[in-house]
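Enquirer: Okay, here's the structure, questions in a sec.
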Amino acid sequence: MTHASEYGATWAAVYDELHAPPPSEVVDFLVARARGGPVLELAVGTGRVAAPLVEAGIEVHGIEISPSMIERLHRNLGEAVPIVANDMTAFTLDRGYPMALLGFNTLFGPTDPEAQANVFTSIHAALEPEGVFVIDCFVPDLGRFADDQSVRVAAMTDDWVRIDYSIHEPARQLIRTIADIRWLNGRTHLLPVTIRYLWPDQIDE
């Protein structure tokens, strides 16, 4: 399994190259629900989502366990986003927030069911009485697996291609992936990630 801090150490150097900022309609959606902020973003990472919120005048506080991601965050945004806790599966804060945000499928990062449930417990205590929790997750598409294996071109630009090699463990709802990133200038990175996916009804529960 890939621990969250290990994921950050592996991905931080190339994360911003591979993932574009959120589109304007997503930023507008979040700003409308932030009620002026501040917003609590779990797994804030390099600030991909936080940056446009800060630019829109919304104060953002982050939770992040990876020193490598925090270093990139500071490189991108200086001290604009304070880190208020490190582990999104177990934290206590001394204030409430009108909105908490967990984007880009990161709810699936903890591979232990109890740890995933603890995210909701911690968030519940960190929200104001009328606060909202915004989650961005994919709906699992298991049709891409044959014999619980998959090889696919996950993304491609004029500069690089990403090929994902994945193994599915249905009983545990785990997907283990090695992302093979190849740039046209000859750079190559093998980037591991393990997730435990949830179905929408499991998230609702």
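Ligands are numbered from 1 in the order shown, residues from 1 within each chain, and chains are lettered A, B, ... in the order they appear in the structure tokens.
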Please return as a list in words: the residues of region 106-152 of chain A that backbone DSSP assigns to helix (DSSP H, G or I).

Expert: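 Here are the helix (DSSP H, G or I) residues of region 106-152 of chain A: Thr106, Leu107, Phe108, Pro113, Glu114, Ala115, Gln116, Ala117, Asn118, Val119, Phe120, Thr121, Ser122, Ile123, His124, Ala125, Ala126, Leu142, Gly143 and Arg144 of chain A.
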
Enquirer: Can you tell me which residues surround region 144-150 of chain A at a distance of at most 12 Å, considering only C-alpha atoms, apart from same-chain residues fewer than 4 positions away, and format the answer as a ChimeraX atom specification?

Expert: /A:140,154,163-171,173-179

Enquirer: Taking 2 positions as the minimum chain separation for residues in the same chain, which residues sit within 7 Å of Ala85 (chain A) when counting only C-alpha atoms? Answer as JSON, numbers by chain.

Expert: {"A": [63, 64, 83, 87, 91]}

Enquirer: As a ChimeraX atom specification, which residues of region 10-195 of chain A does DSSP assign to strand (DSSP E)?

Expert: /A:39-42,60-63,83-85,97-102,127-135,149-156,160-169,174-183,188-195

Enquirer: How many Å lie between CA of Phe108 (chain A) and CA of Ile123 (chain A), rounded to one decimal?

Expert: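 Taking CA of Phe108 (chain A) as the start and CA of Ile123 (chain A) as the end point, the length is 15.6 Å.
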
Enquirer: Using only C-alpha atoms, which residue out of A:Asn185, A:Thr92, A:Thr106, A:Ser66 lies closest to Ala125 (chain A)?

Expert: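 Selected residue with least distance to Ala125 (chain A): A:Thr92.
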
Enquirer: Arg172 (chain A): which residues within 12 Å, counting only C-alpha atoms, same-chain residues fewer than 4 positions away excluded, as a list in words?

Expert: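 Everything that qualifies: Thr111, Asp112, Pro113, Ile167, His168, Arg176, Thr194, Ile195, Arg196, Tyr197 and Leu198 of chain A.
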
Enquirer: Measuring atom to atom with only C-alpha atoms, identify which of A:Val139, A:Val119, A:Met156, A:Val81 is nearest to Val54 (chain A).

Expert: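 Among A:Val139, A:Val119, A:Met156, A:Val81, it is A:Val81 that comes nearest to Val54 (chain A).
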
Enquirer: Would you please work out which residue, of A:Val39, A:Ala80, A:Leu18, A:Leu93, is nearest to Ala155 (chain A) when using only C-alpha atoms?

Expert: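 Nearest to Ala155 (chain A): A:Leu18.
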
Enquirer: Can you tell me which residues surround Asp180 (chain A) at a distance of at most 6 Å, considering only C-alpha atoms, apart from same-chain residues fewer than 2 positions away, and format the answer as a list in words?

Expert: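 Here the qualifying residues turn out to be Arg162, Ile163, His189 and Leu190 of chain A.
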
Enquirer: Save out the residues we just selected, N, CA and C atoms, as a compact mmCIF listing (two decimals), in the first residue's frame.

Expert:
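Contents of part_9.txt, freshly written:
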```txt
# COMPACT_ATOMS: atom_id res chain seq x y z
N ARG A 162 0.36 9.17 -20.25
CA ARG A 162 0.27 8.41 -19.00
C ARG A 162 -0.42 7.08 -19.29
N ILE A 163 0.28 5.98 -18.98
CA ILE A 163 -0.27 4.64 -19.11
C ILE A 163 -0.42 4.06 -17.71
N HIS A 189 8.68 8.51 -15.47
CA HIS A 189 8.40 8.33 -14.05
C HIS A 189 7.43 7.18 -13.88
N LEU A 190 7.71 6.30 -12.92
CA LEU A 190 6.77 5.28 -12.49
C LEU A 190 6.21 5.69 -11.14
```

Enquirer: Counting only C-alpha atoms, which residues of region 94-183 of chain A fall within 12 Å of region 57-61 of chain A, and what is the closest atom pair for each with its distance in Å at one decimal, ordered by chain and rising number, as a Markdown table?

Expert:
```
| residue | atom | partner | partner_atom | distance |
| --- | --- | --- | --- | --- |
| A:Arg95 | CA | A:His61 | CA | 11.4 |
| A:Gly96 | CA | A:His61 | CA | 11.5 |
| A:Tyr97 | CA | A:His61 | CA | 9.6 |
| A:Pro98 | CA | A:Val60 | CA | 11.3 |
| A:Met99 | CA | A:Val60 | CA | 10.0 |
| A:Ala100 | CA | A:His61 | CA | 9.5 |
| A:Leu101 | CA | A:Val60 | CA | 10.0 |
| A:Ala126 | CA | A:His61 | CA | 11.9 |
```

Enquirer: Could you jot down the CA of Asp141 (chain A) to CA of Trp199 (chain A) separation for me, Å, one decimal place?

Expert: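 Interatomic distance here is 10.2 Å.
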